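Novice: Sharing work05.tsv, TSV, C-alpha atoms:
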```tsv
chain	number	residue	atom	x	y	z
A	12	MET	CA	88.56	124.84	98.72
A	13	LYS	CA	88.50	124.96	94.94
A	14	ILE	CA	85.04	123.99	93.73
A	15	TYR	CA	84.66	121.27	91.13
A	16	HIS	CA	81.36	120.41	89.53
A	17	TYR	CA	80.20	116.84	90.02
A	18	ASP	CA	77.43	115.09	88.15
A	19	SER	CA	75.99	113.96	91.46
A	20	ILE	CA	76.75	114.10	95.15
A	21	PRO	CA	76.64	110.79	97.02
A	22	ASP	CA	73.83	110.21	99.46
A	23	VAL	CA	74.53	110.08	103.16
A	24	LYS	CA	72.57	107.32	104.82
A	25	GLU	CA	71.93	106.62	108.47
A	26	ILE	CA	72.74	102.94	108.89
A	27	GLY	CA	71.71	102.47	112.50
A	28	ASP	CA	73.40	102.89	115.88
A	29	GLY	CA	73.85	106.60	115.18
A	30	ILE	CA	76.30	105.89	112.33
A	31	PHE	CA	76.11	107.45	108.87
A	32	LYS	CA	77.73	106.26	105.64
A	33	THR	CA	78.52	107.86	102.31
A	34	GLU	CA	80.07	106.12	99.27
A	35	ILE	CA	82.82	108.15	97.60
A	36	PRO	CA	83.85	106.94	94.11
A	37	GLN	CA	87.47	106.46	93.11
A	38	PRO	CA	89.20	105.15	89.95
A	39	PHE	CA	90.85	101.99	91.25
A	40	TYR	CA	88.12	99.81	92.69
A	41	ALA	CA	84.60	99.98	94.12
A	42	PRO	CA	83.57	103.22	95.89
A	43	ASN	CA	84.84	103.76	99.41
A	44	ASN	CA	82.49	103.60	102.34
A	45	ILE	CA	83.26	106.60	104.51
A	46	TYR	CA	81.69	106.20	107.94
A	47	ILE	CA	80.60	109.22	109.94
A	48	LEU	CA	80.10	109.40	113.71
A	49	PRO	CA	78.31	112.76	114.01
A	50	ASP	CA	77.81	113.14	117.77
A	51	GLY	CA	80.02	115.03	120.20
A	52	GLU	CA	83.24	115.77	118.35
A	53	PRO	CA	82.33	114.33	114.90
A	54	ALA	CA	84.63	111.68	113.43
A	55	LEU	CA	85.30	109.96	110.10
A	56	ILE	CA	86.67	106.53	109.31
A	57	ASP	CA	88.96	107.24	106.31
A	58	SER	CA	88.54	110.27	104.03
A	59	GLY	CA	88.77	108.74	100.56
A	60	TYR	CA	90.50	109.57	97.31
A	61	LEU	CA	92.29	112.89	96.83
A	62	ALA	CA	90.34	114.03	93.74
A	63	ASN	CA	87.00	113.54	95.48
A	64	LEU	CA	87.59	115.34	98.74
A	65	GLY	CA	85.26	118.09	97.53
A	66	MET	CA	82.63	115.44	96.92
A	67	LEU	CA	82.99	114.28	100.52
A	68	GLN	CA	82.67	117.88	101.71
A	69	ARG	CA	79.41	118.34	99.84
A	70	ALA	CA	78.08	114.97	101.02
A	71	LEU	CA	78.75	115.95	104.64
A	72	ARG	CA	76.65	119.07	104.19
A	73	LYS	CA	73.60	116.89	103.64
A	74	ILE	CA	73.65	116.08	107.35
A	75	GLY	CA	74.70	119.53	108.54
A	76	LEU	CA	78.41	118.79	108.76
A	77	SER	CA	81.48	119.96	106.87
A	78	LEU	CA	85.16	119.14	106.97
A	79	ASN	CA	85.84	122.04	109.31
A	80	LYS	CA	83.33	120.57	111.80
A	81	ILE	CA	85.01	117.14	111.78
A	82	LYS	CA	87.33	116.79	114.78
A	83	HIS	CA	88.78	113.29	114.32
A	84	ILE	CA	89.73	111.21	111.25
A	85	PHE	CA	90.86	107.61	111.70
A	86	TYR	CA	92.72	105.96	108.81
A	87	THR	CA	92.49	102.20	108.38
A	88	HIS	CA	95.54	102.04	106.10
A	89	ASN	CA	97.61	103.88	103.54
A	90	HIS	CA	96.21	102.91	100.14
A	91	LEU	CA	95.25	105.66	97.70
A	92	ASP	CA	91.50	105.16	97.89
A	93	HIS	CA	91.51	105.46	101.68
A	94	LEU	CA	94.25	107.93	102.51
A	95	SER	CA	95.28	110.15	99.60
A	96	ALA	CA	92.87	112.96	100.59
A	97	VAL	CA	95.14	113.46	103.60
A	98	LEU	CA	97.64	115.19	101.29
A	99	THR	CA	95.40	118.25	101.24
A	100	ILE	CA	92.89	117.76	104.04
A	101	ARG	CA	94.78	119.83	106.61
A	102	TYR	CA	93.99	122.94	104.57
A	103	TYR	CA	90.26	122.38	105.14
A	104	THR	CA	89.94	120.98	108.66
A	105	ASP	CA	91.68	121.13	112.02
A	106	ALA	CA	90.62	117.54	112.75
A	107	LYS	CA	93.13	115.35	114.52
A	108	LEU	CA	94.46	112.70	112.16
A	109	TYR	CA	95.13	109.17	113.41
A	110	ALA	CA	96.91	106.15	111.89
A	111	MET	CA	98.93	103.11	112.90
A	112	LYS	CA	102.22	103.82	114.66
A	113	GLY	CA	105.14	103.71	112.23
A	114	MET	CA	103.11	104.32	109.08
A	115	ALA	CA	104.12	107.96	108.60
A	116	SER	CA	107.84	107.33	109.16
A	117	GLY	CA	107.71	104.11	107.15
A	118	ILE	CA	106.23	105.89	104.13
A	119	GLY	CA	107.56	109.45	104.39
A	120	ASN	CA	106.87	111.09	101.04
A	121	TYR	CA	103.51	109.67	100.00
A	122	LEU	CA	103.92	110.46	96.31
A	123	GLU	CA	107.19	108.54	96.26
A	124	HIS	CA	105.39	105.68	98.02
A	125	VAL	CA	102.69	105.72	95.33
A	126	GLU	CA	105.37	105.51	92.68
A	127	MET	CA	106.91	102.54	94.51
A	128	PHE	CA	103.48	100.88	94.55
A	129	ASN	CA	103.12	101.50	90.81
A	130	ARG	CA	106.52	99.95	90.12
A	131	ALA	CA	105.52	96.90	92.14
A	132	SER	CA	102.31	96.58	90.11
A	133	LYS	CA	104.32	96.81	86.90
A	134	ARG	CA	106.74	94.17	88.16
A	135	LEU	CA	103.83	91.76	88.47
A	136	VAL	CA	102.86	92.50	84.88
A	137	TYR	CA	106.36	91.74	83.62
A	138	LYS	CA	106.66	88.65	85.81
A	139	GLY	CA	103.31	87.28	84.73
A	140	HIS	CA	103.11	88.04	81.00
A	141	ARG	CA	105.44	86.73	78.34
A	142	VAL	CA	103.65	88.22	75.30
A	143	PRO	CA	104.52	91.92	74.71
A	144	GLU	CA	100.97	92.80	73.63
A	145	ASP	CA	99.59	91.40	76.91
A	146	ARG	CA	102.11	93.41	78.88
A	147	LYS	CA	101.20	96.61	77.05
A	148	ARG	CA	97.51	96.06	77.73
A	149	GLU	CA	97.97	95.54	81.45
A	150	LEU	CA	100.51	98.34	81.80
A	151	ALA	CA	97.97	100.65	80.16
A	152	ARG	CA	95.39	99.71	82.81
A	153	ILE	CA	97.82	100.68	85.55
A	154	GLU	CA	98.75	103.89	83.78
A	155	GLU	CA	95.10	104.90	83.50
A	156	GLY	CA	94.82	105.10	87.27
A	157	ASN	CA	98.16	106.90	87.52
A	158	LEU	CA	97.00	109.50	85.00
A	159	ASN	CA	93.94	110.27	87.10
A	160	LEU	CA	96.14	110.94	90.13
A	161	ARG	CA	98.66	113.03	88.17
A	162	ASN	CA	95.87	115.16	86.72
A	163	THR	CA	94.56	115.77	90.21
A	164	LEU	CA	97.98	116.76	91.51
A	165	SER	CA	98.64	119.07	88.57
A	166	ARG	CA	95.56	121.18	89.28
A	167	GLY	CA	96.05	121.36	93.02
A	168	THR	CA	98.40	123.75	94.80
A	169	ARG	CA	97.62	122.78	98.38
A	170	ILE	CA	99.38	119.44	98.46
A	171	ASP	CA	101.73	118.28	101.22
A	172	PRO	CA	103.30	114.97	100.17
A	173	ILE	CA	104.93	114.20	103.54
A	174	LEU	CA	102.69	112.05	105.72
A	175	LYS	CA	102.05	113.49	109.18
A	176	PHE	CA	99.55	112.30	111.77
A	177	ASP	CA	98.66	113.97	115.03
A	178	ILE	CA	98.41	110.70	116.93
A	179	GLU	CA	100.05	107.38	116.03
A	180	LEU	CA	97.93	104.56	117.40
A	181	VAL	CA	98.85	101.28	119.02
A	182	GLU	CA	96.61	98.54	120.35
A	183	GLY	CA	95.17	99.44	123.72
A	184	ASP	CA	94.62	103.09	122.79
A	185	VAL	CA	91.07	104.34	123.29
A	186	ILE	CA	90.02	107.64	121.74
A	187	HIS	CA	86.75	109.37	122.60
A	188	ALA	CA	85.36	110.66	119.30
A	189	GLY	CA	81.96	110.99	117.69
A	190	GLY	CA	80.39	110.56	121.10
A	191	ARG	CA	81.85	107.03	121.43
A	192	ASP	CA	84.95	105.32	122.78
A	193	ILE	CA	86.97	103.96	119.85
A	194	GLY	CA	89.50	101.16	120.20
A	195	PHE	CA	91.90	99.74	117.62
A	196	LEU	CA	93.19	96.37	116.45
A	197	HIS	CA	96.34	95.97	114.38
A	198	THR	CA	95.19	93.65	111.58
A	199	PRO	CA	98.06	93.30	109.07
A	200	GLY	CA	98.02	91.17	105.94
A	201	HIS	CA	96.24	93.36	103.42
A	202	ASN	CA	99.12	95.62	104.25
A	203	LEU	CA	101.55	96.18	107.08
A	204	TRP	CA	99.80	99.08	108.85
A	205	HIS	CA	96.16	98.02	108.59
A	206	LEU	CA	94.01	99.07	111.56
A	207	THR	CA	90.52	97.94	112.48
A	208	PRO	CA	88.79	100.59	114.63
A	209	TYR	CA	85.88	99.40	116.77
A	210	ILE	CA	83.35	100.95	119.12
A	211	LEU	CA	83.84	99.76	122.67
A	212	GLU	CA	80.94	97.92	124.33
A	213	GLU	CA	78.91	98.02	121.09
A	214	ASN	CA	80.77	95.30	119.10
A	215	ILE	CA	80.82	97.42	115.93
A	216	PHE	CA	83.99	96.94	113.85
A	217	PHE	CA	85.16	99.08	110.91
A	218	THR	CA	87.21	96.49	109.04
A	219	GLY	CA	88.69	98.60	106.22
A	220	ASP	CA	89.92	96.19	103.54
A	221	LEU	CA	90.35	93.25	105.90
A	222	VAL	CA	86.90	91.73	105.30
A	223	LEU	CA	85.15	92.57	102.05
A	224	GLN	CA	82.50	90.90	99.93
A	225	ASN	CA	85.34	89.93	97.57
A	226	ILE	CA	88.81	88.73	98.51
A	227	SER	CA	91.00	91.61	99.63
A	228	SER	CA	94.10	92.44	97.63
A	229	ILE	CA	97.42	91.30	99.11
A	230	TYR	CA	100.49	92.85	97.47
A	231	ALA	CA	103.38	90.65	98.54
A	232	GLU	CA	105.60	92.76	96.27
A	233	ILE	CA	105.17	95.63	98.74
A	234	ASP	CA	103.98	95.03	102.30
A	235	GLY	CA	101.10	92.56	102.06
A	236	ASN	CA	101.49	89.09	103.52
A	237	LEU	CA	99.12	86.15	103.15
A	238	GLU	CA	100.14	84.46	106.41
A	239	ASP	CA	99.54	87.71	108.32
A	240	TYR	CA	96.19	88.05	106.58
A	241	TYR	CA	95.11	84.59	107.72
A	242	ARG	CA	96.20	85.40	111.29
A	243	SER	CA	94.21	88.65	111.28
A	244	LEU	CA	91.10	86.85	110.00
A	245	GLU	CA	91.52	84.12	112.58
A	246	ARG	CA	91.90	86.69	115.34
A	247	ILE	CA	88.75	88.67	114.60
A	248	SER	CA	86.76	85.47	113.94
A	249	LYS	CA	86.96	84.78	117.68
A	250	MET	CA	85.53	88.17	118.65
A	251	SER	CA	81.93	89.05	119.46
A	252	ILE	CA	81.22	91.19	116.40
A	253	ARG	CA	77.65	92.46	116.17
A	254	ARG	CA	78.21	94.63	113.09
A	255	LEU	CA	81.04	94.48	110.56
A	256	LEU	CA	81.32	97.66	108.46
A	257	PRO	CA	83.70	97.21	105.49
A	258	ALA	CA	85.40	99.92	103.45
A	259	HIS	CA	83.88	98.62	100.19
A	260	GLY	CA	80.56	96.98	99.47
A	261	PRO	CA	77.58	96.18	101.68
A	262	GLU	CA	77.53	95.29	105.34
A	263	PRO	CA	77.23	91.51	105.74
A	264	GLU	CA	74.15	90.18	107.52
A	265	SER	CA	76.30	87.82	109.58
A	266	PRO	CA	79.84	89.04	110.40
A	267	GLN	CA	81.05	85.61	111.50
A	268	LYS	CA	79.73	83.93	108.36
A	269	ALA	CA	81.41	86.60	106.21
A	270	ILE	CA	84.76	86.01	107.91
A	271	LYS	CA	84.47	82.23	107.66
A	272	LEU	CA	83.43	82.41	104.01
A	273	LEU	CA	86.42	84.60	103.18
A	274	HIS	CA	88.78	82.25	104.98
A	275	LYS	CA	87.25	79.23	103.23
A	276	THR	CA	87.41	80.92	99.82
A	277	LEU	CA	91.11	81.65	100.25
A	278	GLN	CA	91.82	78.06	101.27
A	279	ILE	CA	89.90	76.69	98.28
A	280	LEU	CA	91.82	79.05	96.03
A	281	GLU	CA	95.12	77.91	97.54
A	282	ARG	CA	94.26	74.24	97.04
A	283	GLY	CA	93.35	74.96	93.43
A	284	VAL	CA	96.68	76.69	92.85
A	285	ILE	CA	98.57	73.77	94.38
A	286	ARG	CA	96.64	71.24	92.30
A	287	ARG	CA	97.46	73.09	89.10
A	288	LEU	CA	101.13	73.57	89.95
A	289	LYS	CA	101.46	69.86	90.67
A	290	GLU	CA	100.22	69.16	87.14
A	291	LYS	CA	102.58	71.48	85.24
A	292	GLU	CA	104.51	74.74	85.25
A	293	TYR	CA	102.46	77.95	85.20
A	294	ASP	CA	103.12	81.62	84.84
A	295	LEU	CA	101.22	84.07	86.99
A	296	SER	CA	98.76	85.24	84.33
A	297	ALA	CA	97.71	81.72	83.30
A	298	LEU	CA	97.46	80.66	86.92
A	299	THR	CA	95.25	83.67	87.70
A	300	LEU	CA	92.88	83.02	84.80
A	301	GLU	CA	92.52	79.32	85.56
A	302	ALA	CA	92.15	79.75	89.31
A	303	MET	CA	89.82	82.76	89.28
A	304	GLY	CA	88.05	82.38	85.93
A	305	GLU	CA	88.26	83.98	82.51
A	306	LYS	CA	85.75	86.69	83.43
A	307	VAL	CA	88.38	88.34	85.62
A	308	ALA	CA	90.58	88.95	82.56
A	309	ASN	CA	88.64	91.93	81.26
A	310	SER	CA	87.67	93.36	84.62
A	311	GLY	CA	89.20	96.13	86.69
A	312	TYR	CA	89.90	93.43	89.27
A	313	TYR	CA	92.46	91.60	87.12
A	314	ASN	CA	95.69	93.10	88.48
A	315	THR	CA	94.36	92.75	92.01
A	316	ALA	CA	93.63	89.09	91.27
A	317	MET	CA	97.19	88.62	90.02
A	318	ALA	CA	98.47	90.13	93.27
A	319	ILE	CA	96.39	87.69	95.32
A	320	LEU	CA	97.69	84.70	93.36
A	321	HIS	CA	101.24	86.04	93.62
A	322	SER	CA	100.91	86.26	97.42
A	323	MET	CA	100.00	82.56	97.43
A	324	VAL	CA	102.88	81.60	95.16
A	325	ARG	CA	105.21	83.74	97.27
A	326	LYS	CA	104.07	81.86	100.37
A	327	PHE	CA	104.76	78.51	98.68
A	328	ILE	CA	108.20	79.69	97.52
A	329	ASP	CA	109.10	80.83	101.05
A	330	LYS	CA	108.09	77.41	102.39
A	331	GLY	CA	110.18	75.60	99.78
A	332	TRP	CA	107.22	74.07	97.96
A	333	VAL	CA	107.60	75.99	94.69
A	334	GLU	CA	110.62	77.10	92.69
A	335	ILE	CA	110.89	79.95	90.20
A	336	ILE	CA	111.95	79.11	86.65
A	337	GLU	CA	113.70	82.13	85.11
A	338	THR	CA	114.17	81.58	81.40
A	339	GLU	CA	113.31	85.07	80.16
A	340	PRO	CA	113.53	87.42	83.17
A	341	PRO	CA	111.67	89.30	84.49
A	342	TYR	CA	109.06	86.86	83.12
A	343	GLU	CA	108.97	83.74	85.29
A	344	THR	CA	107.12	80.46	85.65
A	345	TYR	CA	106.55	78.31	88.73
A	346	ARG	CA	107.16	74.62	89.36
A	347	TRP	CA	105.87	72.57	92.31
A	348	ILE	CA	108.68	70.78	94.20
A	349	GLY	CA	107.03	70.24	97.62
A	350	ASP	CA	105.23	67.15	98.80
A	351	GLN	CA	102.75	68.59	101.32
A	352	GLU	CA	99.93	71.09	101.24
A	353	PRO	CA	99.81	74.14	103.53
A	354	GLN	CA	97.93	74.03	106.80
A	355	SER	CA	96.38	77.51	106.90
```
I'd like the structure from this file rewritten - as C-alpha cells, please.

Specialist:
Amino acid sequence: MKIYHYDSIPDVKEIGDGIFKTEIPQPFYAPNNIYILPDGEPALIDSGYLANLGMLQRALRKIGLSLNKIKHIFYTHNHLDHLSAVLTIRYYTDAKLYAMKGMASGIGNYLEHVEMFNRASKRLVYKGHRVPEDRKRELARIEEGNLNLRNTLSRGTRIDPILKFDIELVEGDVIHAGGRDIGFLHTPGHNLWHLTPYILEENIFFTGDLVLQNISSIYAEIDGNLEDYYRSLERISKMSIRRLLPAHGPEPESPQKAIKLLHKTLQILERGVIRRLKEKEYDLSALTLEAMGEKVANSGYYNTAMAILHSMVRKFIDKGWVEIIETEPPYETYRWIGDQEPQS
C-alpha cells in the first residue's frame, strides 16, 4: 500500500460488548463510524472513503489488526463515504466482501455511478436556483467534493471500478463473523440497497445512514424514496433494539426515542412544507431555506437539505397534491393543488 502522511490517525475506541469504533474523515459529510468486531474472524461494518483507506489501516494497527487480518467486510450501502474504499481494498485484504443482493449488478462501474450521482446533484441545483450566481456557488460546492475524488483516483494505480462482492445478502442470511452471528435487514429509503446488519440475540443494530442524529439524505433523483424510508423506520421501531450504532455521529442513549424523534421531525417538516405551498408557489431553494432555516444555507449540509425537501415535493407530486410550474426549465416552482395532507 502506498503510504500517505496524515496529520493524525483516528483513535480506536472500545464501545462495549466487544465492539470497537474508529471515525474516518471524508470530504462530504461528518466522519464515518467504522465498526470493528475483532474476535474470531475479524469483521468491519463499512470501510470508508477511498482516499482514507490508509488511515483506516493505521487505525486498525492500534488494536493489533490490519486489513490483511480482516476476514469479513459488510457494506451498509453504496455511497462514496461508505463504499468507495472497495475500489482498491482487494489489493490489501482477502476479506470476503458482502452487500445487498442486486447492488453490484445494479451499479456496475462504480465511477460511472458516481458521475450519475453528481449529475443528479447538479440537476437539483438547476431545478432549485433561478439566479445564475446562486447556481455557480452551489455547483462549486459539488465540484469541490468531485475534485477530491478525482485527485485520489489520479494518484492511485490499483483501482478496479467494477463492483464485485463475494456474497450478495438477502434477509434471512446469517453470517458468522467477528465471533458473532450477524443477520441483515433490507432497509431501503435512504437508498435502494441499504442494509442494516445486526448481531443475533444481542439486539445490537448497525443502522448505517438509516437513523442518524440528523435527518438522513434521501435522493429521489437517484434511488432514494421517502415512503420507503418511513416504512423502514416504522419497521425497526417495532424491534427490540438494545443498541443502535449509526454510521455518523454518536450512539443514541435510547434507540427507540431516536427513531421516534426522527420520524416526528420528518412529519413536522412535511407539514411545514405543505403549509408553505398552500400559501404560495415556491422553488426548491426558497422552500429549503424557509423549512430548514437560514443557517443551513452556508453549511456543507445545504445540498443534502435540498435533496430531503425534494423527496417530499416528489412524494406530493406523485400523489397529485403538487404540480410543477415550468417557466424557465430546468428551473421549476411548485404549486399546491391537493386538498388533503399525507398520512405518513

Novice: With a distance cut-off of 6 Å and all atoms listed in the file, select the neighbouring residues of Ala96 in chain A, excluding the residue or stretch itself and same-chain residues fewer than 4 positions from it, and output the selection as a PDB file with C-alpha atoms, keeping the file's coordinate frame.

Specialist:
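Below is the file result.pdb, written as the result:
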```
ATOM      1  CA  GLY A  59      88.770 108.740 100.560  1.00  0.00           C
ATOM      2  CA  TYR A  60      90.500 109.570  97.310  1.00  0.00           C
ATOM      3  CA  LEU A  61      92.290 112.890  96.830  1.00  0.00           C
ATOM      4  CA  ILE A 100      92.890 117.760 104.040  1.00  0.00           C
TER       5      ILE A 100
END
```

Novice: Identify, on the basis of only C-alpha atoms, every residue whose closest approach to range 20-37 of chain A does not exceed 10 Å; exclude the query and any residue fewer than 4 positions from it along the same chain; express the result as a ChimeraX atom specification.

Specialist: /A:16,41-50,55-56,58-74,91-93,156,159,189-190,213,215,254,256,258-260,262

Novice: Determine the nearest neighbour of Tyr342 in chain A from the options A:Tyr313, A:Phe128, A:Tyr137, A:Tyr121, counting only C-alpha atoms.

Specialist: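 Checking each candidate against Tyr342 in chain A, we get A:Tyr137 as the closest.
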
Novice: I'd like the neighbourhood of Lys112 in chain A as an MDAnalysis selection string, where a residue qualifies if any of its atoms comes within 12 Å (using all atoms listed in the file), though same-chain residues fewer than 5 positions away should be ignored.

Specialist: chainID A and resid 86:88 117:118 175:182 184 195:197 203:206

Novice: With only C-alpha atoms as the atoms that count, which of A:Ser95, A:Thr338, A:Asn89, A:Ser265 lies nearest to Asp171 in chain A?

Specialist: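 Of all the options, A:Ser95 lies closest to Asp171 in chain A.
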
Novice: Kindly indicate which residue among A:Ile173, A:Ile193, A:Gly235, A:Lys306 lies nearest to Phe217 in chain A, using only C-alpha atoms for the distances.

Specialist: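 Distance minimum relative to Phe217 in chain A lands on A:Ile193.
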
Novice: Each residue of range 280-301 of chain A with at least one atom at most 9 Å from range 324-332 of chain A should appear once, together with its nearest atom pair and the corresponding distance in Å (one decimal); atoms considered: only C-alpha atoms; ordering: chain, then increasing residue number; output as a tab-separated table.

Specialist:
```
residue	atom	partner	partner_atom	distance
A:Glu281	CA	A:Val324	CA	8.9
A:Val284	CA	A:Val324	CA	8.2
A:Ile285	CA	A:Phe327	CA	8.9
A:Leu295	CA	A:Val324	CA	8.7
```

Novice: Given the choices A:Glu245, A:Asp192, A:Glu155, A:Glu264, which gets closest to Gln224 in chain A if the distance is worked out from only C-alpha atoms?

Specialist: A:Glu264

Novice: Give me, please, the distance in Å between CA of Asp220 in chain A and CA of Val136 in chain A, quoted to one decimal.

Specialist: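 A separation of 23.0 Å between them.
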
Novice: Could you check how far CA of Ser296 in chain A sits from CA of Ala231 in chain A, in Å to one decimal?

Specialist: 15.9 Å

Novice: Which one is closest to Glu301 in chain A: A:Pro199, A:Ala54, A:Leu280, A:Leu221? Count only C-alpha atoms.

Specialist: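 The closest residue to Glu301 in chain A is A:Leu280.
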
Novice: Any idea what the distance is between CA of Asn236 in chain A and CA of His321 in chain A?

Specialist: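 Going from CA of Asn236 in chain A over to CA of His321 in chain A, I get 10.4 Å.
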
Novice: My list of candidates is A:Pro341, A:Gly51, A:Gly349, A:Gly311. Which is closest to Glu149 in chain A when distances are computed with all atoms listed in the file?

Specialist: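 Once distances to Glu149 in chain A are computed over all atoms listed in the file, the minimum belongs to A:Gly311.
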
Novice: Since the input lacks atoms, please generate N, CA and C atoms for range 57-68 of chain A and provide them as a CSV table (one decimal), in the coordinates of the input.

Specialist:
```
chain,number,residue,atom,x,y,z
A,57,ASP,N,88.4,107.0,107.6
A,57,ASP,CA,89.0,107.2,106.3
A,57,ASP,C,88.4,108.5,105.7
A,58,SER,N,89.1,109.1,104.7
A,58,SER,CA,88.5,110.3,104.0
A,58,SER,C,88.5,110.2,102.5
A,59,GLY,N,88.9,109.0,102.0
A,59,GLY,CA,88.8,108.7,100.6
A,59,GLY,C,89.9,109.2,99.7
A,60,TYR,N,89.5,109.3,98.4
A,60,TYR,CA,90.5,109.6,97.3
A,60,TYR,C,90.7,111.1,97.2
A,61,LEU,N,91.9,111.5,96.9
A,61,LEU,CA,92.3,112.9,96.8
A,61,LEU,C,91.4,113.7,95.9
A,62,ALA,N,91.1,113.2,94.7
A,62,ALA,CA,90.3,114.0,93.7
A,62,ALA,C,88.9,114.3,94.2
A,63,ASN,N,88.4,113.5,95.1
A,63,ASN,CA,87.0,113.5,95.5
A,63,ASN,C,86.8,114.0,96.9
A,64,LEU,N,87.8,114.8,97.4
A,64,LEU,CA,87.6,115.3,98.7
A,64,LEU,C,86.5,116.4,98.7
A,65,GLY,N,86.4,117.1,97.7
A,65,GLY,CA,85.3,118.1,97.5
A,65,GLY,C,83.9,117.4,97.5
A,66,MET,N,83.9,116.2,96.9
A,66,MET,CA,82.6,115.4,96.9
A,66,MET,C,82.2,115.0,98.3
A,67,LEU,N,83.2,114.6,99.1
A,67,LEU,CA,83.0,114.3,100.5
A,67,LEU,C,82.5,115.5,101.3
A,68,GLN,N,83.1,116.6,101.0
A,68,GLN,CA,82.7,117.9,101.7
A,68,GLN,C,81.2,118.2,101.4
```
